[in-house]
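Undergrad: Okay, handing you the structure first.
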2 protein chains.
Amino acid sequence: MKFGGTSVADAEKIRAAARRAIRTQKAGHQVAVVVSAMGKSTDHLVDLANQISKCPSKREMDQLLATGEQVTISLTAMALEDMGASAISFTAGQIGILTDDVHAKAKIKSIDVRRLREQLNAGRIVIVAGFQGVTEQGHVTTLGRGGSNVTLVAIAAALNAEVCENYTDVDGIFTADPRIVLNARKIDRISYDEMLELASLGANVLHNRAVEFAKKYDVPIHVRSSQHNRKGTMIVAETESMERIVVSGVALKDKLARVTLKNVPDRPGVAAQVFQHIAAYHIVVDDIIQTIGDNKTATISFTVDTPDLPEARDVIDALCRSLKCDATFENHLAKVSAVGMGMRIHTGVAERMFAALAKAKINIQNITTSEIKISCLIDRSQGKEALRVVHDAFELGTKKRRKAKKK
Amino acid sequence: MKFGGTSVADAEKIRAAARRAIRTQKAGHQVAVVVSAMGKSTDHLVDLANQISKCPSKREMDQLLATGEQVTISLTAMALEDMGASAISFTAGQIGILTDDVHAKAKIKSIDVRRLREQLNAGRIVIVAGFQGVTEQGHVTTLGRGGSNVTLVAIAAALNAEVCENYTDVDGIFTADPRIVLNARKIDRISYDEMLELASLGANVLHNRAVEFAKKYDVPIHVRSSQHNRKGTMIVAETESMERIVVSGVALKDKLARVTLKNVPDRPGVAAQVFQHIAAYHIVVDDIIQTIGDNKTATISFTVDTPDLPEARDVIDALCRSLKCDATFENHLAKVSAVGMGMRIHTGVAERMFAALAKAKINIQNITTSEIKISCLIDRSQGKEALRVVHDAFELGTKKRRKAKKK
C-alpha cells in the first residue's frame, strides 16, 4: 500500500492510513506500506535550503529531503502500534534500497528484501520511506518526481506482491479530468501503455516512471481513494479484450507554449544543435514538428510548458543570433489527446476527433500521433470545451448521461 | 566543533556556524562539526508524535527524532559549500556511530572513523549529526539528554582531536549563574569532576554524560560562545595547581520538594523497598537523609524535583498505607552548593558557607556533602540571596567587585 502526501498530511490522516493497513492485514494479507512526506513538509525543507544557498548541492539536498519521509514512517508505525498492531518502520538505507548515485533522480538498482520478509513473516506491518534510496557508499539519494510510487512498485516487485494499492485523494483514473468533464467515468481497468500516455498528457495521478517500472515487472497497480473502500482503477498488462475499447480516456494539457524557428539552415545536425542547447538549460520539450521551407531552410516548431517559456525565450533568442534564424513565441496553447489500445486495430478514430472539434469550431493548430494516441494543439481558451467534446465524441461519459443523450 | 540548537536555530545562525568552521580550517586545522536539531524542531517532532500516540514506542520515537539533526547537517553542509568550502554531511548511520540498543538513551560503543578521516584528509569539513547512533542491526537510536555533546566528545576522542569546541549561547562556565549573581566570573579552567558536580547541581551548560565521557578519554572541552571569538572555559583533567582554588563555583537548584516519611519500620530492606517503588515510577530522587527515630522506627527524607511531586505524592501515599507510616510533603525548597577541588585539602570550607548563610538569616534545613561539594537545603524564597552570599563568601566575583569590597 502506498499513501501519498495528502493522505498522510496530519495525525488524523495518518491514523486513517494505519486503520486501513490493519484492516488489510486482518483480511489475511501481509502488508508493506510506503509513505510520502507529510503534506507540504517537502516544500518547507526546500524553502529552508533556499534560505541557505541559491544552488545547494544535490547530495545535501537529498540528505535533507529524505527526512520528510523518515518523519512519516515513524509516525505511521506509532499509529499502528497505538492501535494494537505490530509494526516497524524502515528508511531506504535500513532495507537496502540501493540506487545509482544520480542525486535528485536516482534509479533503484536492487532491494534487499530479506529484512522486509523477516518482519512480514513475524506478523509485522512494515512501513517503508518512499522517494528515497541509498548508494553502495551509503549516501542518501532521492528518486525524483513520483518517487514514492516508484518505491511502491519496486517493493511490490521485489516481494512478488499480489497487488500494490496506491491510495490517493481521487477515486481512480478517469476517462477525463472530472473537474472539467462532469460526466467523466472512472475507468475500471487500463493498460500500462495507456496509462503512460495519459500520465504524460496531464493526468497527474501516477508518474510515468512508476508505471514503466510496473510494466517491466508486471505488477498490477490499484489506484484508489483513501477516503472510502470502493474499488478504483487497476493498471495492468494489456489483454486482447482491451482492444475492444477504442478510446480509454482523454486528457488536456494546458499551459503550453509553442516556439517556432523559421529559416533554420537545413543542414544535418542543426536540429540536434537546437535541442541539445535547450536541454542544457533543463527545459523539457514536448512535441516537435519540423517542415522544410524555401531556400534550403527548415521550420522547426516545438511546445514547452508555459512556465519554461521565459527561459526558453532567452535560450532561443541567443541561438537564433548565432544560427541567423527567426523565432516566434506563442503562449496560450493547450493540447487535447485521446488515448486507447483500440486505435491499433480500429480506424476512423482521428476523423471522429477532428470532426467533433470542427463542429465545436475549435481550430486545430498541430496534430501529433502515436500508436495509441492522437493529440491536437488548440487555443488554450478552448481547452476545456475541447476536452468535453472529444470525451462526448467517444461516448466516454457515465451510462446515465449516455442514455440521456441517446433518448 | 559543536553547535547546539540555539546556535543553528535559523539560516543566518547556520551560516555563522559555517563561517566559524571555515575560519578554523583556514587556521590550519582539520574540522569536524557536530550539530544539534534546529532550535525548537525537536519539540515540534515530539508534539507530532504525541498527536499520534500517548505512548509511542522508543524505537519509532528515535527514528523520528533523528530527522532533526539530519536536517541541520545537510543545511550546514550547504552553507559551507555556498561559501566555497568543501563539505560533506553524515548521519550517525553513515559513519557507523554504533550504540547499544537502549532506545532514547543509547550508549556509544564505537565509531568507525575511517570514513571521517578519509573526508578530513581530502580537505573537507565533515558535519556529523549529534544526538544519534545506530545499532548493529541498523536501528536508529538517540543518546538522550545532552546527547549532542556526547557525540562531540566521542568523535573528538575517536579522532584524537586536540580539543573539542562546544559553541553555545553563553560565554563559558561561570562561578555562579550570571543571571542571578551579577558579578559572577567566567572560569578559565575547571576539572572534569568539578564540572560534573556543577552540572548535576543545575549549571545547565554541559550534561554529565558528555563530561564523564571526556574525563574517561581525557578530551579537553572548550565551552565558548558562538556570538564572539573570546575564549570560554576549558574543562580539563585536574592538575595539582587546581587544588589551590578552594571553591570553583556555586550553584543553585531550585524547584525542589522534600518528602519525609516518619515512623518507618526500622527493619532491613525497608529503605530499598521505598526507593525501588519510587524508581519504578521514573521519579528521580535527589539527596536522601535517614535518621533513627523512637520505637524501632526510622525517618527517611529525600528531595525530588518539584514537577515530580504530584506523582511522588501518589506513590508515597500508597506506600505509606501498606507500611503504616506517615508522610509529609514540603514544596518551596532549593539547594545551594559550593564545588571545588580545593576542598580535599583545605579545611573550614563548610564553616565559611554556614556562617555566610547564617549572617544572611538563611535557615539551613539539610546538609549533604561529597569530597568536592557542600550542599545546603534552604527555603526557595531565599535561594537567589543564598547563591549570592555564598558566592561572595568565597570571593568568586570579578576582580573589580572584589577590590571594591576590600576597600
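Labeling convention for the C-alpha cells: chains A, B, ... as they appear, residues from 1 per chain, ligands from 1 in order of appearance.
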Got a sec to pull out which chain B residues are within 10 Å of chain A, counting only C-alpha atoms, and send them as number ranges by chain?

TA: B: 10-12, 14-15, 45, 48-83, 87-91, 93-95, 137-140

Undergrad: Just the selected residues (C-alpha atoms), exported as a compact mmCIF listing (two decimals), in the first residue's frame, please.

TA:
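Output (result.txt):
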```txt
# COMPACT_ATOMS: atom_id res chain seq x y z
CA ASP B 10 17.86 29.59 11.66
CA ALA B 11 19.55 30.06 8.30
CA GLU B 12 21.56 33.07 9.48
CA ILE B 14 23.78 28.18 10.44
CA ARG B 15 25.74 30.49 8.14
CA LEU B 45 8.52 16.40 16.35
CA LEU B 48 3.59 15.39 16.28
CA ALA B 49 4.27 12.04 17.97
CA ASN B 50 2.01 12.95 20.88
CA GLN B 51 -0.79 13.75 18.45
CA ILE B 52 -0.45 10.20 17.11
CA SER B 53 0.12 8.19 20.26
CA LYS B 54 0.14 8.78 24.00
CA CYS B 55 2.95 6.34 24.47
CA PRO B 56 4.93 5.99 21.23
CA SER B 57 7.49 3.19 21.11
CA LYS B 58 11.03 4.34 21.78
CA ARG B 59 12.34 2.75 18.60
CA GLU B 60 9.97 4.79 16.43
CA MET B 61 10.50 7.91 18.55
CA ASP B 62 14.23 7.64 17.87
CA GLN B 63 13.61 7.07 14.17
CA LEU B 64 11.51 10.26 14.25
CA LEU B 65 13.74 12.50 16.37
CA ALA B 66 16.90 11.64 14.43
CA THR B 67 15.49 13.57 11.46
CA GLY B 68 16.00 16.84 13.37
CA GLU B 69 19.79 16.58 13.28
CA GLN B 70 19.73 15.21 9.73
CA VAL B 71 18.05 18.44 8.61
CA THR B 72 20.75 20.54 10.30
CA ILE B 73 23.73 18.58 8.93
CA SER B 74 22.59 18.95 5.34
CA LEU B 75 21.79 22.64 5.74
CA THR B 76 25.18 23.23 7.40
CA ALA B 77 26.97 21.42 4.57
CA MET B 78 25.03 23.54 2.06
CA ALA B 79 26.07 26.72 3.89
CA LEU B 80 29.72 25.65 3.84
CA GLU B 81 29.60 24.77 0.14
CA ASP B 82 27.84 28.04 -0.59
CA MET B 83 30.83 29.82 0.99
CA ALA B 87 31.99 19.83 2.97
CA ILE B 88 30.05 16.63 3.48
CA SER B 89 27.36 15.71 5.99
CA PHE B 90 26.94 12.36 7.73
CA THR B 91 24.19 10.81 9.80
CA GLY B 93 24.48 5.55 10.49
CA GLN B 94 26.67 6.80 7.65
CA ILE B 95 29.78 6.95 9.81
CA GLN B 137 21.13 -4.17 13.25
CA GLY B 138 20.79 -0.70 11.72
CA HIS B 139 18.09 0.65 14.02
CA VAL B 140 18.37 4.38 14.73
```

Undergrad: Least-squares align chain A to chain B using all Cα atoms paired by position, then dump the moved coordinates as a short mmCIF file (atom, residue, chain, number, x, y, z; two decimals) with C-alpha atoms, in the first residue's frame.

TA:
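Result saved to superposed_20.cif:
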```
data_model
loop_
_atom_site.label_atom_id
_atom_site.label_comp_id
_atom_site.auth_asym_id
_atom_site.auth_seq_id
_atom_site.Cartn_x
_atom_site.Cartn_y
_atom_site.Cartn_z
CA MET A 1 33.19 21.79 17.12
CA LYS A 2 29.67 21.45 18.28
CA PHE A 3 26.79 23.85 17.79
CA GLY A 4 23.72 23.39 19.97
CA GLY A 5 20.12 23.97 18.98
CA THR A 6 20.11 27.72 19.70
CA SER A 7 23.33 28.16 17.67
CA VAL A 8 21.72 26.60 14.56
CA ALA A 9 18.17 27.87 15.14
CA ASP A 10 17.79 29.55 11.73
CA ALA A 11 19.51 30.03 8.38
CA GLU A 12 21.54 33.01 9.57
CA LYS A 13 22.85 31.17 12.63
CA ILE A 14 23.73 28.13 10.54
CA ARG A 15 25.70 30.42 8.24
CA ALA A 16 27.49 31.92 11.24
CA ALA A 17 28.42 28.42 12.46
CA ALA A 18 29.70 27.60 8.97
CA ARG A 19 31.85 30.74 8.90
CA ARG A 20 33.39 29.74 12.20
CA ALA A 21 34.18 26.24 10.95
CA ILE A 22 35.84 27.70 7.84
CA ARG A 23 37.89 30.13 9.93
CA THR A 24 39.12 27.25 12.10
CA GLN A 25 39.99 25.20 9.04
CA LYS A 26 41.86 28.12 7.50
CA ALA A 27 43.86 28.41 10.72
CA GLY A 28 45.31 25.02 9.82
CA HIS A 29 43.04 22.54 11.56
CA GLN A 30 41.00 19.60 10.38
CA VAL A 31 37.42 20.30 11.43
CA ALA A 32 34.58 17.96 12.34
CA VAL A 33 31.34 19.68 13.31
CA VAL A 34 28.58 18.12 15.42
CA VAL A 35 25.18 19.82 15.25
CA SER A 36 21.92 19.53 17.16
CA ALA A 37 18.40 19.85 15.82
CA MET A 38 17.39 23.42 14.96
CA GLY A 39 15.92 25.42 17.84
CA LYS A 40 12.50 24.06 18.70
CA SER A 41 12.30 21.45 15.95
CA THR A 42 12.58 18.52 18.37
CA ASP A 43 9.63 19.90 20.34
CA HIS A 44 7.66 20.03 17.11
CA LEU A 45 8.41 16.36 16.38
CA VAL A 46 7.50 15.30 19.92
CA ASP A 47 4.25 17.19 19.54
CA LEU A 48 3.48 15.35 16.28
CA ALA A 49 4.15 12.01 17.97
CA ASN A 50 1.88 12.90 20.87
CA GLN A 51 -0.90 13.71 18.43
CA ILE A 52 -0.57 10.17 17.09
CA SER A 53 -0.03 8.15 20.24
CA LYS A 54 -0.03 8.74 23.97
CA CYS A 55 2.80 6.29 24.46
CA PRO A 56 4.79 5.93 21.22
CA SER A 57 7.35 3.15 21.13
CA LYS A 58 10.88 4.29 21.81
CA ARG A 59 12.21 2.72 18.63
CA GLU A 60 9.85 4.76 16.46
CA MET A 61 10.38 7.86 18.59
CA ASP A 62 14.11 7.60 17.94
CA GLN A 63 13.51 7.04 14.22
CA LEU A 64 11.41 10.23 14.30
CA LEU A 65 13.63 12.45 16.43
CA ALA A 66 16.81 11.59 14.51
CA THR A 67 15.41 13.53 11.54
CA GLY A 68 15.92 16.80 13.45
CA GLU A 69 19.70 16.54 13.37
CA GLN A 70 19.66 15.16 9.83
CA VAL A 71 17.99 18.40 8.71
CA THR A 72 20.69 20.48 10.40
CA ILE A 73 23.67 18.52 9.05
CA SER A 74 22.55 18.90 5.45
CA LEU A 75 21.76 22.60 5.85
CA THR A 76 25.13 23.18 7.53
CA ALA A 77 26.94 21.37 4.71
CA MET A 78 25.01 23.49 2.18
CA ALA A 79 26.04 26.66 4.01
CA LEU A 80 29.70 25.58 3.97
CA GLU A 81 29.58 24.70 0.28
CA ASP A 82 27.83 27.98 -0.46
CA MET A 83 30.83 29.76 1.11
CA GLY A 84 33.24 27.86 -1.08
CA ALA A 85 34.33 25.24 1.44
CA SER A 86 34.34 21.54 0.73
CA ALA A 87 31.96 19.77 3.11
CA ILE A 88 30.01 16.57 3.62
CA SER A 89 27.31 15.65 6.12
CA PHE A 90 26.88 12.30 7.86
CA THR A 91 24.12 10.76 9.92
CA ALA A 92 25.20 8.51 12.77
CA GLY A 93 24.40 5.50 10.61
CA GLN A 94 26.60 6.74 7.78
CA ILE A 95 29.71 6.89 9.96
CA GLY A 96 28.89 3.92 12.14
CA ILE A 97 28.25 5.50 15.53
CA LEU A 98 27.31 2.14 17.02
CA THR A 99 25.29 2.13 20.22
CA ASP A 100 23.59 -0.43 22.41
CA ASP A 101 19.89 -0.92 21.71
CA VAL A 102 18.51 1.05 24.67
CA HIS A 103 16.30 3.41 22.68
CA ALA A 104 15.95 7.01 23.90
CA LYS A 105 19.12 6.78 26.00
CA ALA A 106 21.53 4.64 24.06
CA LYS A 107 25.22 4.46 24.92
CA ILE A 108 27.88 4.72 22.24
CA LYS A 109 29.91 1.52 21.84
CA SER A 110 32.19 2.45 18.98
CA ILE A 111 32.68 4.85 16.08
CA ASP A 112 34.07 3.78 12.73
CA VAL A 113 36.32 6.78 12.13
CA ARG A 114 37.80 5.50 8.87
CA ARG A 115 35.23 7.38 6.83
CA LEU A 116 35.60 10.56 8.89
CA ARG A 117 39.38 10.48 8.47
CA GLU A 118 39.12 9.90 4.73
CA GLN A 119 36.95 12.99 4.35
CA LEU A 120 39.05 15.12 6.72
CA ASN A 121 42.21 14.12 4.87
CA ALA A 122 40.54 15.09 1.61
CA GLY A 123 40.24 18.61 3.02
CA ARG A 124 36.53 18.44 3.75
CA ILE A 125 34.77 19.83 6.77
CA VAL A 126 32.73 16.93 8.09
CA ILE A 127 29.30 17.54 9.64
CA VAL A 128 28.00 14.87 11.99
CA ALA A 129 24.47 14.53 13.35
CA GLY A 130 24.59 14.78 17.13
CA PHE A 131 22.34 12.98 19.61
CA GLN A 132 21.92 9.85 17.48
CA GLY A 133 23.40 6.45 16.89
CA VAL A 134 22.61 3.21 15.19
CA THR A 135 22.52 -0.35 16.54
CA GLU A 136 24.35 -3.24 14.92
CA GLN A 137 21.01 -4.22 13.37
CA GLY A 138 20.69 -0.76 11.83
CA HIS A 139 17.98 0.60 14.11
CA VAL A 140 18.26 4.33 14.82
CA THR A 141 18.84 5.24 18.47
CA THR A 142 19.11 8.53 20.34
CA LEU A 143 21.48 9.27 23.18
CA GLY A 144 19.09 11.05 25.54
CA ARG A 145 19.46 14.48 27.15
CA GLY A 146 22.76 16.15 26.38
CA GLY A 147 23.26 13.59 23.65
CA SER A 148 24.79 16.01 21.14
CA ASN A 149 27.56 16.78 23.61
CA VAL A 150 28.15 13.06 24.05
CA THR A 151 28.50 12.79 20.26
CA LEU A 152 30.94 15.72 20.30
CA VAL A 153 33.16 14.15 22.92
CA ALA A 154 32.93 10.67 21.40
CA ILE A 155 33.94 11.93 17.94
CA ALA A 156 36.75 13.97 19.46
CA ALA A 157 37.98 10.96 21.44
CA ALA A 158 37.77 8.67 18.41
CA LEU A 159 39.72 11.15 16.27
CA ASN A 160 42.22 11.99 19.01
CA ALA A 161 41.22 15.60 18.55
CA GLU A 162 43.29 18.32 20.18
CA VAL A 163 40.18 19.88 21.63
CA CYS A 164 36.44 19.87 21.30
CA GLU A 165 34.84 23.25 21.10
CA ASN A 166 31.34 23.41 22.46
CA TYR A 167 29.63 26.52 21.06
CA THR A 168 26.66 27.69 23.09
CA ASP A 169 24.73 30.83 23.86
CA VAL A 170 26.79 31.56 27.01
CA ASP A 171 30.40 32.73 27.34
CA GLY A 172 31.53 29.67 29.33
CA ILE A 173 31.16 28.20 32.79
CA PHE A 174 30.67 30.85 35.49
CA THR A 175 31.41 30.89 39.20
CA ALA A 176 27.61 31.21 39.56
CA ASP A 177 24.63 31.77 37.31
CA PRO A 178 25.32 35.32 36.01
CA ARG A 179 21.60 36.01 35.71
CA ILE A 180 21.42 35.80 39.52
CA VAL A 181 24.90 36.78 40.66
CA LEU A 182 25.78 39.90 38.69
CA ASN A 183 29.50 39.83 39.48
CA ALA A 184 29.88 36.13 38.62
CA ARG A 185 33.17 35.51 36.87
CA LYS A 186 33.84 33.26 33.92
CA ILE A 187 36.05 30.33 34.95
CA ASP A 188 39.09 29.82 32.70
CA ARG A 189 39.84 26.21 33.64
CA ILE A 190 37.87 23.67 35.61
CA SER A 191 38.34 19.96 36.25
CA TYR A 192 36.00 17.28 34.96
CA ASP A 193 34.96 16.39 38.52
CA GLU A 194 34.09 19.94 39.48
CA MET A 195 32.12 20.29 36.26
CA LEU A 196 30.27 17.08 37.02
CA GLU A 197 29.21 18.45 40.41
CA LEU A 198 28.23 21.81 38.97
CA ALA A 199 26.26 20.24 36.13
CA SER A 200 24.27 18.04 38.49
CA LEU A 201 23.67 21.08 40.68
CA GLY A 202 21.93 23.05 38.02
CA ALA A 203 24.58 24.71 35.84
CA ASN A 204 22.82 23.59 32.68
CA VAL A 205 25.64 24.04 30.20
CA LEU A 206 26.98 20.52 29.78
CA HIS A 207 25.21 17.33 30.62
CA ASN A 208 27.04 14.98 32.95
CA ARG A 209 27.25 12.14 30.47
CA ALA A 210 29.34 14.20 28.09
CA VAL A 211 31.68 15.30 30.90
CA GLU A 212 32.03 11.73 32.16
CA PHE A 213 32.89 10.64 28.63
CA ALA A 214 35.43 13.45 28.28
CA LYS A 215 36.98 12.52 31.63
CA LYS A 216 37.22 8.87 30.64
CA TYR A 217 39.03 9.64 27.37
CA ASP A 218 40.76 12.79 28.67
CA VAL A 219 39.35 15.03 25.94
CA PRO A 220 39.52 18.74 26.83
CA ILE A 221 36.24 20.56 26.23
CA HIS A 222 36.21 24.25 25.44
CA VAL A 223 32.80 25.70 26.32
CA ARG A 224 32.52 29.02 24.49
CA SER A 225 30.10 31.46 22.92
CA SER A 226 28.99 31.25 19.30
CA GLN A 227 28.49 35.06 19.40
CA HIS A 228 32.13 36.21 19.61
CA ASN A 229 35.72 34.91 19.53
CA ARG A 230 36.77 35.31 23.17
CA LYS A 231 37.93 32.20 24.98
CA GLY A 232 35.46 30.41 27.20
CA THR A 233 36.07 27.75 29.81
CA MET A 234 38.41 24.78 29.37
CA ILE A 235 37.19 21.61 31.08
CA VAL A 236 40.27 19.49 31.63
CA ALA A 237 41.82 16.78 33.77
CA GLU A 238 42.63 18.04 37.23
CA THR A 239 46.09 19.34 37.98
CA GLU A 240 47.67 19.91 41.39
CA SER A 241 47.56 23.64 40.89
CA MET A 242 43.78 23.45 40.78
CA GLU A 243 43.73 22.54 44.46
CA ARG A 244 44.93 26.00 45.27
CA ILE A 245 41.46 27.22 44.41
CA VAL A 246 39.23 26.20 47.30
CA VAL A 247 35.87 26.82 45.68
CA SER A 248 35.54 27.04 41.91
CA GLY A 249 31.87 27.81 41.66
CA VAL A 250 28.54 27.87 43.41
CA ALA A 251 25.27 26.61 42.05
CA LEU A 252 21.61 26.91 42.87
CA LYS A 253 19.06 24.25 42.18
CA ASP A 254 15.62 25.58 42.89
CA LYS A 255 12.27 23.91 42.28
CA LEU A 256 13.06 21.20 44.79
CA ALA A 257 10.54 19.44 46.97
CA ARG A 258 11.20 17.29 50.04
CA VAL A 259 9.37 14.13 50.89
CA THR A 260 9.68 12.91 54.47
CA LEU A 261 8.58 9.46 55.57
CA LYS A 262 8.18 9.05 59.33
CA ASN A 263 7.67 5.87 61.33
CA VAL A 264 9.17 3.72 58.62
CA PRO A 265 9.71 0.18 59.98
CA ASP A 266 13.44 0.00 60.64
CA ARG A 267 14.18 -3.38 59.14
CA PRO A 268 16.64 -4.29 56.39
CA GLY A 269 15.43 -3.69 52.88
CA VAL A 270 12.74 -1.14 53.59
CA ALA A 271 14.72 1.79 52.18
CA ALA A 272 15.49 -0.24 49.07
CA GLN A 273 11.78 -1.01 48.75
CA VAL A 274 10.91 2.69 48.97
CA PHE A 275 13.37 3.81 46.33
CA GLN A 276 12.77 0.91 43.97
CA HIS A 277 9.12 1.80 44.08
CA ILE A 278 9.86 5.44 43.23
CA ALA A 279 12.38 4.55 40.52
CA ALA A 280 9.80 2.33 38.84
CA TYR A 281 7.81 5.52 38.18
CA HIS A 282 10.88 7.26 36.71
CA ILE A 283 10.97 9.86 39.47
CA VAL A 284 14.54 11.05 39.96
CA VAL A 285 15.50 11.33 43.60
CA ASP A 286 18.09 13.87 44.66
CA ASP A 287 19.67 13.78 48.13
CA ILE A 288 18.57 11.19 50.66
CA ILE A 289 18.82 11.51 54.44
CA GLN A 290 17.89 8.70 56.79
CA THR A 291 17.74 9.00 60.57
CA ILE A 292 16.71 6.53 63.22
CA GLY A 293 13.63 7.52 65.17
CA ASP A 294 11.89 5.97 68.17
CA ASN A 295 10.50 2.45 68.49
CA LYS A 296 12.59 0.86 65.81
CA THR A 297 11.30 3.22 63.17
CA ALA A 298 13.30 5.40 60.82
CA THR A 299 12.76 8.75 59.19
CA ILE A 300 13.65 8.81 55.50
CA SER A 301 13.73 12.13 53.77
CA PHE A 302 14.64 12.88 50.16
CA THR A 303 14.29 15.62 47.61
CA VAL A 304 12.70 15.45 44.16
CA ASP A 305 12.27 18.03 41.43
CA THR A 306 9.10 20.03 42.01
CA PRO A 307 7.50 18.98 38.69
CA ASP A 308 7.81 15.36 39.85
CA LEU A 309 6.09 16.05 43.19
CA PRO A 310 2.46 15.28 42.20
CA GLU A 311 3.44 11.87 40.85
CA ALA A 312 5.79 11.21 43.78
CA ARG A 313 2.95 12.07 46.15
CA ASP A 314 0.67 9.45 44.58
CA VAL A 315 3.40 6.82 44.67
CA ILE A 316 4.40 7.60 48.25
CA ASP A 317 0.84 7.77 49.56
CA ALA A 318 0.20 4.28 48.18
CA LEU A 319 3.46 3.02 49.66
CA CYS A 320 2.67 4.51 53.07
CA ARG A 321 -0.64 2.71 53.20
CA SER A 322 1.14 -0.61 52.74
CA LEU A 323 4.09 0.19 55.07
CA LYS A 324 1.85 1.98 57.61
CA CYS A 325 4.12 5.00 57.79
CA ASP A 326 3.40 8.74 57.53
CA ALA A 327 4.49 11.05 54.75
CA THR A 328 4.85 14.80 54.61
CA PHE A 329 5.52 16.81 51.50
CA GLU A 330 7.24 20.19 51.38
CA ASN A 331 7.49 22.16 48.23
CA HIS A 332 9.26 25.55 48.04
CA LEU A 333 12.80 24.35 48.68
CA ALA A 334 16.08 25.09 46.95
CA LYS A 335 19.65 23.89 47.26
CA VAL A 336 22.75 26.05 47.23
CA SER A 337 26.10 24.32 46.73
CA ALA A 338 29.78 25.17 46.65
CA VAL A 339 32.11 23.05 44.53
CA GLY A 340 35.89 22.97 44.47
CA MET A 341 38.85 20.63 44.18
CA GLY A 342 40.53 22.59 46.96
CA MET A 343 38.08 21.25 49.56
CA ARG A 344 40.09 18.05 49.58
CA ILE A 345 43.01 19.76 51.28
CA HIS A 346 41.63 23.01 52.67
CA THR A 347 39.62 23.02 55.87
CA GLY A 348 37.02 25.44 57.11
CA VAL A 349 35.08 25.56 53.87
CA ALA A 350 31.82 24.32 55.38
CA GLU A 351 32.07 26.72 58.33
CA ARG A 352 32.62 29.66 56.01
CA MET A 353 29.55 28.72 53.99
CA PHE A 354 27.32 28.17 57.04
CA ALA A 355 28.49 31.45 58.58
CA ALA A 356 27.67 33.39 55.43
CA LEU A 357 24.18 31.87 55.29
CA ALA A 358 23.61 32.49 58.99
CA LYS A 359 24.69 36.11 58.67
CA ALA A 360 22.07 36.54 55.94
CA LYS A 361 19.48 34.89 58.21
CA ILE A 362 19.04 31.95 55.87
CA ASN A 363 18.02 28.79 57.68
CA ILE A 364 19.72 25.55 56.61
CA GLN A 365 17.27 22.64 56.49
CA ASN A 366 19.61 19.84 55.38
CA ILE A 367 23.29 19.47 54.60
CA THR A 368 24.84 17.01 52.19
CA THR A 369 28.47 16.79 51.20
CA SER A 370 30.83 15.02 48.86
CA GLU A 371 34.61 15.17 48.62
CA ILE A 372 34.47 18.34 46.53
CA LYS A 373 31.01 19.74 47.28
CA ILE A 374 28.89 21.11 50.11
CA SER A 375 25.15 21.55 49.64
CA CYS A 376 22.59 23.22 51.87
CA LEU A 377 18.85 22.83 51.49
CA ILE A 378 17.08 26.14 52.14
CA ASP A 379 13.78 27.87 51.54
CA ARG A 380 13.25 28.65 47.88
CA SER A 381 12.38 32.28 48.58
CA GLN A 382 15.92 32.76 49.86
CA GLY A 383 17.63 30.79 47.07
CA LYS A 384 18.99 33.67 45.00
CA GLU A 385 20.13 35.58 48.06
CA ALA A 386 21.87 32.42 49.34
CA LEU A 387 23.68 31.99 46.04
CA ARG A 388 24.93 35.57 46.20
CA VAL A 389 26.18 35.42 49.79
CA VAL A 390 27.97 32.10 49.30
CA HIS A 391 29.51 33.45 46.08
CA ASP A 392 30.73 36.49 48.02
CA ALA A 393 31.92 34.41 50.97
CA PHE A 394 34.39 32.60 48.74
CA GLU A 395 35.38 35.81 46.91
CA LEU A 396 34.42 34.40 43.55
CA GLY A 397 33.27 37.68 41.97
CA THR A 398 35.07 39.70 39.30
CA LYS A 399 38.28 41.44 40.45
CA LYS A 400 36.75 44.88 40.06
CA ARG A 401 33.99 44.04 42.46
CA ARG A 402 36.34 42.30 44.88
CA LYS A 403 38.68 45.29 44.91
CA ALA A 404 35.76 47.52 45.57
CA LYS A 405 34.79 45.37 48.50
CA LYS A 406 38.30 45.42 49.96
CA LYS A 407 38.40 49.22 49.94
#
```

Undergrad: To test your reading of the structure, identify every residue in stretch 194-366 of chain B that backbone DSSP assigns to strand (DSSP E or B), and report it as a PyMOL selection string.

TA: chain B and resi 221-225+233-236+249-265+285-292+297-305+326-339+366

Undergrad: Please identify which residues in stretch 197-291 of chain B DSSP calls helix (DSSP H, G or I) from the backbone, and express them as number ranges by chain.

TA: B: 197-200, 208-217, 240-244, 270-280
